[in-house]
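Structure data follow from final_11.cif (mmCIF, C-alpha atoms):
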data_start
#
loop_
_atom_site.group_PDB
_atom_site.id
_atom_site.type_symbol
_atom_site.label_atom_id
_atom_site.label_comp_id
_atom_site.auth_asym_id
_atom_site.auth_seq_id
_atom_site.Cartn_x
_atom_site.Cartn_y
_atom_site.Cartn_z
ATOM 1 C CA MET B 99 45.701 34.917 71.462
ATOM 2 C CA GLU B 100 43.598 37.455 73.348
ATOM 3 C CA LYS B 101 42.102 36.717 76.769
ATOM 4 C CA ILE B 102 39.236 38.501 78.531
ATOM 5 C CA VAL B 103 38.073 37.847 82.090
ATOM 6 C CA VAL B 104 34.373 38.530 82.670
ATOM 7 C CA ASN B 105 33.465 40.947 85.453
ATOM 8 C CA ASP B 106 29.746 41.173 84.740
ATOM 9 C CA SER B 107 27.466 38.163 84.378
ATOM 10 C CA ASN B 108 24.284 36.958 82.654
ATOM 11 C CA GLU B 109 24.917 38.505 79.211
ATOM 12 C CA ARG B 110 25.023 36.604 75.941
ATOM 13 C CA LEU B 111 28.532 35.689 74.832
ATOM 14 C CA ASP B 112 28.235 37.398 71.428
ATOM 15 C CA LYS B 113 26.742 40.571 72.896
ATOM 16 C CA PHE B 114 29.366 40.718 75.648
ATOM 17 C CA LEU B 115 32.189 40.448 73.102
ATOM 18 C CA SER B 116 30.696 43.030 70.726
ATOM 19 C CA THR B 117 30.647 45.480 73.647
ATOM 20 C CA ASN B 118 34.067 44.625 75.047
ATOM 21 C CA THR B 119 36.133 44.139 71.876
ATOM 22 C CA ASP B 120 36.679 45.914 68.537
ATOM 23 C CA TYR B 121 35.217 42.972 66.601
ATOM 24 C CA SER B 122 31.939 43.307 64.700
ATOM 25 C CA ARG B 123 28.940 41.184 65.763
ATOM 26 C CA SER B 124 29.059 39.249 62.476
ATOM 27 C CA LEU B 125 32.754 38.407 62.869
ATOM 28 C CA ILE B 126 32.221 37.375 66.494
ATOM 29 C CA THR B 127 29.514 34.947 65.365
ATOM 30 C CA LYS B 128 31.876 33.432 62.780
ATOM 31 C CA LEU B 129 34.668 33.130 65.340
ATOM 32 C CA ILE B 130 32.342 31.366 67.788
ATOM 33 C CA ASN B 131 30.984 28.990 65.130
ATOM 34 C CA ASN B 132 34.497 28.115 63.973
ATOM 35 C CA GLU B 133 35.721 27.492 67.547
ATOM 36 C CA PHE B 134 38.117 30.432 67.578
ATOM 37 C CA ILE B 135 36.384 31.708 70.720
ATOM 38 C CA LEU B 136 36.489 29.492 73.803
ATOM 39 C CA VAL B 137 35.065 29.996 77.285
ATOM 40 C CA ASN B 138 37.195 28.433 80.006
ATOM 41 C CA GLY B 139 38.880 26.397 77.284
ATOM 42 C CA LYS B 140 35.609 24.992 75.879
ATOM 43 C CA LYS B 141 33.407 25.746 72.867
ATOM 44 C CA GLU B 142 30.156 27.559 73.734
ATOM 45 C CA LYS B 143 27.239 28.842 71.663
ATOM 46 C CA ALA B 144 26.715 32.536 70.925
ATOM 47 C CA SER B 145 23.712 32.435 73.281
ATOM 48 C CA TYR B 146 25.811 31.216 76.223
ATOM 49 C CA LYS B 147 25.309 33.498 79.231
ATOM 50 C CA VAL B 148 28.691 34.576 80.524
ATOM 51 C CA LYS B 149 29.404 34.331 84.258
ATOM 52 C CA GLU B 150 31.673 36.312 86.510
ATOM 53 C CA ASN B 151 35.318 35.165 86.263
ATOM 54 C CA ASP B 152 34.715 33.288 83.001
ATOM 55 C CA GLU B 153 37.906 33.409 80.912
ATOM 56 C CA ILE B 154 37.214 34.032 77.236
ATOM 57 C CA SER B 155 39.993 33.208 74.769
ATOM 58 C CA ILE B 156 40.028 34.618 71.229
ATOM 59 C CA LEU B 157 42.414 32.445 69.227
ATOM 60 C CA ASP B 158 44.685 33.694 66.457
ATOM 61 C CA GLY B 159 44.709 32.416 62.883
ATOM 62 C CA PHE B 160 41.095 32.823 61.783
ATOM 63 C CA LYS B 161 40.866 33.755 58.111
ATOM 64 C CA GLU B 162 37.394 34.727 57.025
ATOM 65 C CA GLU B 163 36.185 33.207 53.776
ATOM 66 C CA THR B 164 35.643 35.834 51.144
ATOM 67 C CA ASN B 165 34.947 36.061 47.447
ATOM 68 C CA ILE B 166 37.727 38.619 47.156
ATOM 69 C CA ILE B 167 40.980 36.999 46.047
ATOM 70 C CA PRO B 168 44.237 38.256 47.606
ATOM 71 C CA VAL B 169 46.606 39.440 44.883
ATOM 72 C CA LYS B 170 50.315 40.132 45.317
ATOM 73 C CA MET B 171 50.997 43.827 44.728
ATOM 74 C CA ASP B 172 53.892 46.167 45.260
ATOM 75 C CA LEU B 173 52.100 48.448 47.718
ATOM 76 C CA ASP B 174 53.677 51.807 48.512
ATOM 77 C CA ILE B 175 53.121 51.891 52.282
ATOM 78 C CA VAL B 176 54.051 55.307 53.652
ATOM 79 C CA TYR B 177 53.193 54.473 57.284
ATOM 80 C CA GLU B 178 51.834 51.506 59.239
ATOM 81 C CA ASP B 179 51.104 50.548 62.833
ATOM 82 C CA GLU B 180 48.647 48.199 64.564
ATOM 83 C CA ASP B 181 45.617 50.361 63.764
ATOM 84 C CA ILE B 182 46.157 52.269 60.525
ATOM 85 C CA MET B 183 48.058 52.382 57.253
ATOM 86 C CA VAL B 184 48.807 55.296 54.940
ATOM 87 C CA ILE B 185 49.055 54.186 51.310
ATOM 88 C CA ASN B 186 50.403 56.057 48.290
ATOM 89 C CA LYS B 187 47.977 54.798 45.639
ATOM 90 C CA PRO B 188 49.169 54.821 42.030
ATOM 91 C CA SER B 189 47.070 56.207 39.220
ATOM 92 C CA GLY B 190 45.102 53.474 37.446
ATOM 93 C CA LEU B 191 44.394 51.353 40.532
ATOM 94 C CA VAL B 192 40.760 50.955 41.605
ATOM 95 C CA VAL B 193 40.328 51.075 45.385
ATOM 96 C CA HIS B 194 37.773 48.299 45.940
ATOM 97 C CA PRO B 195 36.093 45.543 43.897
ATOM 98 C CA GLY B 196 33.044 46.404 41.858
ATOM 99 C CA SER B 197 31.146 45.266 38.805
ATOM 100 C CA GLY B 198 33.566 43.738 36.326
ATOM 101 C CA ASN B 199 36.653 44.124 38.508
ATOM 102 C CA LYS B 200 37.101 41.627 41.319
ATOM 103 C CA THR B 201 40.856 41.076 41.287
ATOM 104 C CA ASN B 202 42.811 44.175 40.268
ATOM 105 C CA THR B 203 42.043 46.549 43.145
ATOM 106 C CA LEU B 204 43.825 47.989 46.160
ATOM 107 C CA VAL B 205 41.689 45.763 48.406
ATOM 108 C CA ASN B 206 43.045 42.641 46.686
ATOM 109 C CA GLY B 207 46.560 43.858 47.408
ATOM 110 C CA LEU B 208 45.746 44.707 51.017
ATOM 111 C CA LEU B 209 44.251 41.245 51.617
ATOM 112 C CA ASP B 210 47.437 39.635 50.322
ATOM 113 C CA TYR B 211 49.545 41.875 52.559
ATOM 114 C CA THR B 212 47.664 41.439 55.852
ATOM 115 C CA ASN B 213 44.733 39.680 57.520
ATOM 116 C CA ASN B 214 44.339 42.591 59.930
ATOM 117 C CA LEU B 215 41.864 44.966 58.289
ATOM 118 C CA SER B 216 38.686 46.487 59.673
ATOM 119 C CA ASP B 217 35.498 44.769 58.518
ATOM 120 C CA ILE B 218 32.986 47.541 59.168
ATOM 121 C CA ASN B 219 32.385 48.172 55.462
ATOM 122 C CA GLY B 220 31.864 44.501 54.600
ATOM 123 C CA GLU B 221 33.924 41.897 52.788
ATOM 124 C CA GLU B 222 34.444 43.936 49.599
ATOM 125 C CA ARG B 223 35.798 47.012 51.397
ATOM 126 C CA PRO B 224 37.990 45.800 54.278
ATOM 127 C CA GLY B 225 39.954 48.656 55.777
ATOM 128 C CA ILE B 226 38.522 51.241 53.385
ATOM 129 C CA VAL B 227 37.563 54.431 55.236
ATOM 130 C CA HIS B 228 37.566 56.690 52.174
ATOM 131 C CA ARG B 229 38.622 56.290 48.569
ATOM 132 C CA LEU B 230 40.269 57.955 45.607
ATOM 133 C CA ASP B 231 39.075 57.725 42.011
ATOM 134 C CA LYS B 232 40.785 55.069 39.898
ATOM 135 C CA ASP B 233 43.071 57.553 38.109
ATOM 136 C CA THR B 234 43.640 59.861 41.079
ATOM 137 C CA SER B 235 46.967 59.101 42.732
ATOM 138 C CA GLY B 236 48.328 59.760 46.187
ATOM 139 C CA LEU B 237 47.731 59.364 49.881
ATOM 140 C CA MET B 238 44.814 57.569 51.455
ATOM 141 C CA LEU B 239 44.090 56.119 54.888
ATOM 142 C CA VAL B 240 43.377 52.459 55.598
ATOM 143 C CA ALA B 241 41.980 51.201 58.932
ATOM 144 C CA LYS B 242 43.316 47.963 60.394
ATOM 145 C CA SER B 243 41.141 47.903 63.532
ATOM 146 C CA ASN B 244 37.409 48.527 63.788
ATOM 147 C CA LYS B 245 37.923 51.058 66.555
ATOM 148 C CA ALA B 246 40.281 53.078 64.367
ATOM 149 C CA HIS B 247 37.830 52.795 61.475
ATOM 150 C CA GLN B 248 34.927 54.118 63.526
ATOM 151 C CA ILE B 249 36.896 57.084 64.845
ATOM 152 C CA LEU B 250 38.325 57.966 61.433
ATOM 153 C CA THR B 251 34.859 57.814 59.891
ATOM 154 C CA GLU B 252 33.673 60.333 62.471
ATOM 155 C CA ASP B 253 36.716 62.521 61.829
ATOM 156 C CA PHE B 254 36.025 62.526 58.091
ATOM 157 C CA SER B 255 32.385 63.447 58.694
ATOM 158 C CA LYS B 256 33.501 66.352 60.889
ATOM 159 C CA HIS B 257 36.085 67.402 58.268
ATOM 160 C CA ASP B 258 38.886 66.907 60.796
ATOM 161 C CA VAL B 259 40.982 64.996 58.248
ATOM 162 C CA LYS B 260 42.747 67.573 56.089
ATOM 163 C CA ARG B 261 43.765 66.669 52.544
ATOM 164 C CA GLU B 262 45.569 68.743 49.942
ATOM 165 C CA TYR B 263 45.512 67.826 46.275
ATOM 166 C CA TYR B 264 47.737 69.012 43.439
ATOM 167 C CA ALA B 265 46.174 69.281 40.003
ATOM 168 C CA LEU B 266 47.267 70.556 36.631
ATOM 169 C CA ILE B 267 44.351 72.371 35.029
ATOM 170 C CA LYS B 268 43.870 73.412 31.419
ATOM 171 C CA GLY B 269 44.201 77.175 30.867
ATOM 172 C CA VAL B 270 45.845 80.030 32.737
ATOM 173 C CA PHE B 271 43.825 80.691 35.884
ATOM 174 C CA PRO B 272 43.741 84.485 36.429
ATOM 175 C CA HIS B 273 43.310 84.646 40.209
ATOM 176 C CA ASN B 274 45.784 83.624 42.894
ATOM 177 C CA THR B 275 43.079 82.037 45.057
ATOM 178 C CA ALA B 276 39.446 81.070 44.661
ATOM 179 C CA ILE B 277 36.627 79.323 46.498
ATOM 180 C CA ILE B 278 34.297 77.195 44.400
ATOM 181 C CA ASP B 279 31.019 76.804 46.271
ATOM 182 C CA ALA B 280 28.686 74.852 43.995
ATOM 183 C CA PRO B 281 26.399 71.903 44.883
ATOM 184 C CA ILE B 282 27.085 68.549 43.226
ATOM 185 C CA GLY B 283 24.642 65.828 42.244
ATOM 186 C CA ARG B 284 24.281 62.997 39.751
ATOM 187 C CA ASP B 285 24.199 64.004 36.073
ATOM 188 C CA GLU B 286 20.770 62.916 34.827
ATOM 189 C CA LYS B 287 22.015 62.673 31.230
ATOM 190 C CA ASN B 288 25.037 60.530 32.069
ATOM 191 C CA ARG B 289 24.798 58.450 35.244
ATOM 192 C CA LYS B 290 28.569 57.885 35.262
ATOM 193 C CA LYS B 291 29.127 61.600 35.798
ATOM 194 C CA MET B 292 28.432 64.101 38.534
ATOM 195 C CA CYS B 293 27.611 67.737 37.840
ATOM 196 C CA VAL B 294 26.908 71.074 39.473
ATOM 197 C CA THR B 295 23.163 71.161 39.954
ATOM 198 C CA ALA B 296 20.549 72.400 42.372
ATOM 199 C CA LYS B 297 18.507 69.210 41.953
ATOM 200 C CA ASN B 298 19.137 66.267 44.285
ATOM 201 C CA SER B 299 22.550 67.678 45.167
ATOM 202 C CA LYS B 300 24.776 68.193 48.192
ATOM 203 C CA ASN B 301 26.794 71.264 49.047
ATOM 204 C CA ALA B 302 30.393 71.141 47.826
ATOM 205 C CA ILE B 303 33.194 73.609 48.575
ATOM 206 C CA THR B 304 36.701 73.567 47.104
ATOM 207 C CA HIS B 305 39.502 76.003 47.976
ATOM 208 C CA LEU B 306 41.977 76.688 45.164
ATOM 209 C CA THR B 307 45.475 78.216 45.372
ATOM 210 C CA VAL B 308 47.665 78.793 42.317
ATOM 211 C CA LEU B 309 51.145 77.269 42.661
ATOM 212 C CA ARG B 310 52.552 78.003 39.199
ATOM 213 C CA ARG B 311 51.323 79.251 35.856
ATOM 214 C CA TYR B 312 52.449 78.062 32.447
ATOM 215 C CA LYS B 313 51.647 79.120 28.897
ATOM 216 C CA ASP B 314 48.485 77.015 28.635
ATOM 217 C CA TYR B 315 48.226 75.379 32.049
ATOM 218 C CA THR B 316 48.100 76.129 35.779
ATOM 219 C CA LEU B 317 49.374 74.000 38.643
ATOM 220 C CA VAL B 318 47.039 74.421 41.611
ATOM 221 C CA LYS B 319 46.666 73.238 45.186
ATOM 222 C CA LEU B 320 43.141 72.231 46.217
ATOM 223 C CA ASP B 321 41.738 71.901 49.732
ATOM 224 C CA LEU B 322 38.429 70.130 50.154
ATOM 225 C CA GLU B 323 35.938 71.500 52.641
ATOM 226 C CA THR B 324 33.559 68.715 51.605
ATOM 227 C CA GLY B 325 34.208 65.338 50.014
ATOM 228 C CA ARG B 326 31.737 64.723 47.208
ATOM 229 C CA THR B 327 32.219 62.165 44.455
ATOM 230 C CA HIS B 328 34.503 63.593 41.716
ATOM 231 C CA GLN B 329 34.337 66.969 43.511
ATOM 232 C CA ILE B 330 37.589 68.489 42.235
ATOM 233 C CA ARG B 331 37.095 67.244 38.686
ATOM 234 C CA VAL B 332 33.521 68.528 38.568
ATOM 235 C CA HIS B 333 34.364 71.914 40.071
ATOM 236 C CA MET B 334 37.345 72.494 37.793
ATOM 237 C CA ALA B 335 35.300 71.672 34.700
ATOM 238 C CA TYR B 336 32.450 73.843 35.988
ATOM 239 C CA ILE B 337 34.635 76.958 36.209
ATOM 240 C CA GLY B 338 36.108 76.286 32.757
ATOM 241 C CA TYR B 339 39.523 74.923 33.790
ATOM 242 C CA PRO B 340 39.202 71.118 33.632
ATOM 243 C CA VAL B 341 41.869 68.853 35.085
ATOM 244 C CA VAL B 342 44.348 67.958 32.357
ATOM 245 C CA ASN B 343 44.011 64.461 30.866
ATOM 246 C CA ASP B 344 40.586 63.889 32.472
ATOM 247 C CA PRO B 345 38.644 61.597 30.102
ATOM 248 C CA LEU B 346 35.295 62.128 31.816
ATOM 249 C CA TYR B 347 35.172 65.854 32.518
ATOM 250 C CA GLY B 348 37.865 67.164 30.178
ATOM 251 C CA THR B 349 39.275 66.067 26.850
ATOM 252 C CA LYS B 350 38.209 62.832 25.199
ATOM 253 C CA LYS B 351 41.815 62.448 23.962
ATOM 254 C CA ALA B 352 43.120 61.628 27.447
ATOM 255 C CA ASP B 353 45.667 58.814 27.593
ATOM 256 C CA SER B 354 45.589 55.810 29.911
ATOM 257 C CA PHE B 355 47.268 57.616 32.834
ATOM 258 C CA GLY B 356 44.104 59.595 33.491
ATOM 259 C CA GLN B 357 43.612 62.953 35.171
ATOM 260 C CA PHE B 358 46.566 64.869 36.584
ATOM 261 C CA LEU B 359 45.176 64.900 40.109
ATOM 262 C CA HIS B 360 47.236 63.830 43.117
ATOM 263 C CA SER B 361 46.446 63.540 46.835
ATOM 264 C CA LYS B 362 49.627 65.312 47.967
ATOM 265 C CA THR B 363 49.244 65.644 51.744
ATOM 266 C CA ILE B 364 47.068 64.282 54.519
ATOM 267 C CA THR B 365 46.906 65.539 58.109
ATOM 268 C CA PHE B 366 44.877 63.919 60.885
ATOM 269 C CA THR B 367 44.802 62.940 64.537
ATOM 270 C CA HIS B 368 45.755 59.309 65.079
ATOM 271 C CA PRO B 369 42.499 57.577 66.116
ATOM 272 C CA ILE B 370 44.135 55.626 68.962
ATOM 273 C CA THR B 371 47.273 57.464 70.104
ATOM 274 C CA LYS B 372 45.769 60.923 69.437
ATOM 275 C CA LYS B 373 49.109 62.020 67.995
ATOM 276 C CA GLU B 374 49.015 64.587 65.174
ATOM 277 C CA MET B 375 50.034 62.876 61.934
ATOM 278 C CA HIS B 376 51.144 64.515 58.690
ATOM 279 C CA PHE B 377 52.284 62.847 55.476
ATOM 280 C CA GLU B 378 53.089 64.009 51.982
ATOM 281 C CA CYS B 379 54.265 62.293 48.814
ATOM 282 C CA ASP B 380 55.774 63.298 45.491
ATOM 283 C CA LEU B 381 53.847 63.549 42.258
ATOM 284 C CA PRO B 382 53.860 60.394 40.110
ATOM 285 C CA ASP B 383 56.738 60.301 37.611
ATOM 286 C CA TYR B 384 54.423 60.708 34.608
ATOM 287 C CA PHE B 385 52.750 63.779 36.139
ATOM 288 C CA GLN B 386 56.103 65.294 37.195
ATOM 289 C CA THR B 387 57.691 64.676 33.792
ATOM 290 C CA PHE B 388 54.822 66.479 32.077
ATOM 291 C CA ILE B 389 55.386 69.517 34.308
ATOM 292 C CA ASP B 390 59.149 69.357 33.809
ATOM 293 C CA ASN B 391 58.623 69.471 30.048
ATOM 294 C CA LEU B 392 56.472 72.578 30.450
ATOM 295 C CA GLU B 393 59.324 74.179 32.369
ATOM 296 C CA ASP B 394 61.931 73.128 29.808
ATOM 297 C CA ASN B 395 59.878 74.478 26.915
ATOM 298 C CA GLY B 396 59.790 77.949 28.456
ATOM 299 C CA GLY B 397 56.815 80.275 28.654
ATOM 300 C CA THR B 398 56.401 79.746 32.381
ATOM 301 C CA TYR B 399 55.951 82.323 35.048
ATOM 302 C CA GLU B 400 55.230 82.122 38.739
ATOM 303 C CA GLN B 401 52.364 83.482 40.799
#
Go ahead and express the file in the form of structure tokens.
Amino acid sequence: MEKIVVNDSNERLDKFLSTNTDYSRSLITKLINNEFILVNGKKEKASYKVKENDEISILDGFKEETNIIPVKMDLDIVYEDEDIMVINKPSGLVVHPGSGNKTNTLVNGLLDYTNNLSDINGEERPGIVHRLDKDTSGLMLVAKSNKAHQILTEDFSKHDVKREYYALIKGVFPHNTAIIDAPIGRDEKNRKKMCVTAKNSKNAITHLTVLRRYKDYTLVKLDLETGRTHQIRVHMAYIGYPVVNDPLYGTKKADSFGQFLHSKTITFTHPITKKEMHFECDLPDYFQTFIDNLEDNGGTYEQ
């Protein structure tokens, strides 16, 4: 239970709480209506004008009704505290519910794991500050408190959250480094795809570093200066080196694992403690085994 003693007076209860807590206005209204917020031990309306020395109690145990069903999942939680989580998302897992998929998403798993998720993005995206494509694996941030969510959103917009991706691309890339600076917008011929275009597009910049070359492939590290939808996959296909096993921008013979693209590291300032945080995770077994087989079959050479 959380308790707040009022210092200022003559402000609506719901407005006072939205200013003095991390709860959203909509959640505050639900808490008041369901008697999980009491003033001096009694139920009051949202329009109640708070008075100096009023004691407001926010009771524990409220579970907001939602159309999203919690589903038990074996989540790979790399880090967790009261405000954030860092998740290692497997390839094949959709981040949040959408058309035709309401149960098999990361959000369903998060809702089963905890009731403490930010609600800024609405009931279908609790805790979701950013996302990865369904078949992109690796690290992503989840916000548990609204305050953390708001700060992280600002940090993402300012590009203060640094992410490094590993990708296996088709072909032997001839340069050790490259910068792909090409605007991305919706593909007018296929609305499921994005493309490099000058029309209705946003600037997109990807930094590429070669890690290892093989006979027909290149393992690369990619740093995003911007965060457009499908940015890496679009940029790699645009320069003629599509991500291996990408069914949308590469070969149509891709198997169910999807593109060999992995969010390898993430570095950021903790939104509450202000501590510098850095995490990294290994490639998925399927991705790593594919690379190991390239090594075992010879024909490899380093940068």
Between atom CA of Gly338 of chain B and atom CA of Pro382 of chain B, distance in Å (one decimal):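 Distance between the two atoms: 24.9 Å.
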Spatial neighbours of Ile282 of chain B, 8 Å, only C-alpha atoms, chain gap at least 3 places, as a ChimeraX atom specification: /B:292-296,299-302,326,329,332
Set out as JSON lines a contact list for segment 258-304 of chain B and segment 214-238 of chain B with a cut-off of 12 Å, giving each residue of segment 258-304 of chain B that qualifies its closest atom pair and distance in Å to one decimal, counting all atoms listed in the file, ordered by chain and rising residue number.
{"residue": "B:Val259", "atom": "CA", "partner": "B:Met238", "partner_atom": "CA", "distance": 10.8}
{"residue": "B:Lys260", "atom": "CA", "partner": "B:Met238", "partner_atom": "CA", "distance": 11.2}
{"residue": "B:Arg261", "atom": "CA", "partner": "B:Leu237", "partner_atom": "CA", "distance": 8.7}
{"residue": "B:Glu262", "atom": "CA", "partner": "B:Leu237", "partner_atom": "CA", "distance": 9.6}
{"residue": "B:Tyr263", "atom": "CA", "partner": "B:Gly236", "partner_atom": "CA", "distance": 8.5}
{"residue": "B:Tyr264", "atom": "CA", "partner": "B:Gly236", "partner_atom": "CA", "distance": 9.7}
{"residue": "B:Ala265", "atom": "CA", "partner": "B:Thr234", "partner_atom": "CA", "distance": 9.8}
Atoms kept (C-alpha atoms) for selection, written as an mmCIF file, keeping the file's coordinate frame:
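out.cif, freshly written:
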data_model
loop_
_atom_site.group_PDB
_atom_site.id
_atom_site.type_symbol
_atom_site.label_atom_id
_atom_site.label_comp_id
_atom_site.auth_asym_id
_atom_site.auth_seq_id
_atom_site.Cartn_x
_atom_site.Cartn_y
_atom_site.Cartn_z
ATOM 1 C CA VAL B 259 40.982 64.996 58.248
ATOM 2 C CA LYS B 260 42.747 67.573 56.089
ATOM 3 C CA ARG B 261 43.765 66.669 52.544
ATOM 4 C CA GLU B 262 45.569 68.743 49.942
ATOM 5 C CA TYR B 263 45.512 67.826 46.275
ATOM 6 C CA TYR B 264 47.737 69.012 43.439
ATOM 7 C CA ALA B 265 46.174 69.281 40.003
#
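This file, filtered with the PyMOL selection byres ((chain B and resi 323) around 12), gives the residues Phe254, Ser255, Lys256, His257, Asp258, Val259, Lys260, Arg261, Glu262, Ile277, Ile278, Asp279, Ala280, Asn301, Ala302, Ile303, Thr304, His305, Leu306, Leu320, Asp321, Leu322, Thr324, Gly325, Arg326, Gln329 and Ile330 of chain B.
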Segment 103-108 of chain B surroundings by all atoms listed in the file, 6 Å radius, close-in-sequence under 2 positions cut, as a PyMOL selection string: chain B and resi 147-153
What does the file look like for those residues with C-alpha atoms, as a short mmCIF file (atom, residue, chain, number, x, y, z; two decimals), keeping the file's coordinate frame?
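So the final result, stored in out.cif, reads:
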data_model
loop_
_atom_site.label_atom_id
_atom_site.label_comp_id
_atom_site.auth_asym_id
_atom_site.auth_seq_id
_atom_site.Cartn_x
_atom_site.Cartn_y
_atom_site.Cartn_z
CA LYS B 147 25.31 33.50 79.23
CA VAL B 148 28.69 34.58 80.52
CA LYS B 149 29.40 34.33 84.26
CA GLU B 150 31.67 36.31 86.51
CA ASN B 151 35.32 35.16 86.26
CA ASP B 152 34.72 33.29 83.00
CA GLU B 153 37.91 33.41 80.91
#
Expansion of the PyMOL selection byres ((chain B and resi 247) around 9) into residues, as number ranges by chain: B: 181-182, 216-218, 225-227, 240-246, 248-252, 369
Two-atom distance - atom CA of Pro168 of chain B, atom CA of Leu209 of chain B (Å):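 Atom CA of Leu209 of chain B lies at a distance of 5.0 Å from atom CA of Pro168 of chain B.
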Residues matched by the PyMOL selection byres ((chain B and resi 340) around 10), written as a ChimeraX atom specification: /B:265-269,330-339,341-344,346-349,357
Å distance separating atom CA of Phe114 of chain B from atom CA of Glu133 of chain B, one decimal place: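 These atoms are spaced 16.8 Å apart.
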Contacts of Phe271 of chain B at 9 Å (all atoms listed in the file; same-chain gap of 5+ positions) as a list in words: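 Final neighbour list, sorted by chain and number: Val308, Arg311, Tyr315, Thr316 and Tyr339 of chain B.
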Exercise: segment 204-208 of chain B partners within 6 Å, only C-alpha atoms, chain neighbours under 5 positions left out, as JSON, numbers by chain: {"B": [168, 169, 170, 171, 193, 194]}
Return the padded bounding box of segment 110-120 of chain B as JSON: axis-aligned, built from all atoms listed in the file, 6 Å added on each side, with centre and edge lengths in Å to one decimal.
{"center_x": 30.9, "center_y": 40.8, "center_z": 72.2, "size_x": 23.7, "size_y": 22.2, "size_z": 19.4}
Counting all atoms listed in the file, the option among B:Glu100, B:Glu142, B:Asp380, B:Glu374 closest to Leu359 of chain B: B:Asp380
Among the residues B:Glu393, B:Lys140, B:Val184, B:Thr327, the one that comes closest to Lys291 of chain B [using all atoms listed in the file]: B:Thr327
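Across B:Thr365, B:Thr203, B:Thr212, B:Ser189, the tightest approach to Asp383 of chain B is made by B:Ser189 when counting all atoms listed in the file.
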Nearest residue to Gly283 of chain B from the set B:Thr387, B:Ile167, B:Lys297, B:Tyr312 (distances using only C-alpha atoms): B:Lys297
Nearby residues (only C-alpha atoms) at most 12 Å from Asp112 of chain B, same-chain spacing under 3 positions excluded, as a PyMOL selection string: chain B and resi 108-109+115-119+121-131+135-137+142-148+154
Take the residues from that selection and put them in a file with C-alpha atoms, as a PDB file, keeping the file's coordinate frame.
ATOM      1  CA  ASN B 108      24.284  36.958  82.654  1.00  0.00           C
ATOM      2  CA  GLU B 109      24.917  38.505  79.211  1.00  0.00           C
ATOM      3  CA  LEU B 115      32.189  40.448  73.102  1.00  0.00           C
ATOM      4  CA  SER B 116      30.696  43.030  70.726  1.00  0.00           C
ATOM      5  CA  THR B 117      30.647  45.480  73.647  1.00  0.00           C
ATOM      6  CA  ASN B 118      34.067  44.625  75.047  1.00  0.00           C
ATOM      7  CA  THR B 119      36.133  44.139  71.876  1.00  0.00           C
ATOM      8  CA  TYR B 121      35.217  42.972  66.601  1.00  0.00           C
ATOM      9  CA  SER B 122      31.939  43.307  64.700  1.00  0.00           C
ATOM     10  CA  ARG B 123      28.940  41.184  65.763  1.00  0.00           C
ATOM     11  CA  SER B 124      29.059  39.249  62.476  1.00  0.00           C
ATOM     12  CA  LEU B 125      32.754  38.407  62.869  1.00  0.00           C
ATOM     13  CA  ILE B 126      32.221  37.375  66.494  1.00  0.00           C
ATOM     14  CA  THR B 127      29.514  34.947  65.365  1.00  0.00           C
ATOM     15  CA  LYS B 128      31.876  33.432  62.780  1.00  0.00           C
ATOM     16  CA  LEU B 129      34.668  33.130  65.340  1.00  0.00           C
ATOM     17  CA  ILE B 130      32.342  31.366  67.788  1.00  0.00           C
ATOM     18  CA  ASN B 131      30.984  28.990  65.130  1.00  0.00           C
ATOM     19  CA  ILE B 135      36.384  31.708  70.720  1.00  0.00           C
ATOM     20  CA  LEU B 136      36.489  29.492  73.803  1.00  0.00           C
ATOM     21  CA  VAL B 137      35.065  29.996  77.285  1.00  0.00           C
ATOM     22  CA  GLU B 142      30.156  27.559  73.734  1.00  0.00           C
ATOM     23  CA  LYS B 143      27.239  28.842  71.663  1.00  0.00           C
ATOM     24  CA  ALA B 144      26.715  32.536  70.925  1.00  0.00           C
ATOM     25  CA  SER B 145      23.712  32.435  73.281  1.00  0.00           C
ATOM     26  CA  TYR B 146      25.811  31.216  76.223  1.00  0.00           C
ATOM     27  CA  LYS B 147      25.309  33.498  79.231  1.00  0.00           C
ATOM     28  CA  VAL B 148      28.691  34.576  80.524  1.00  0.00           C
ATOM     29  CA  ILE B 154      37.214  34.032  77.236  1.00  0.00           C
TER      30      ILE B 154
END
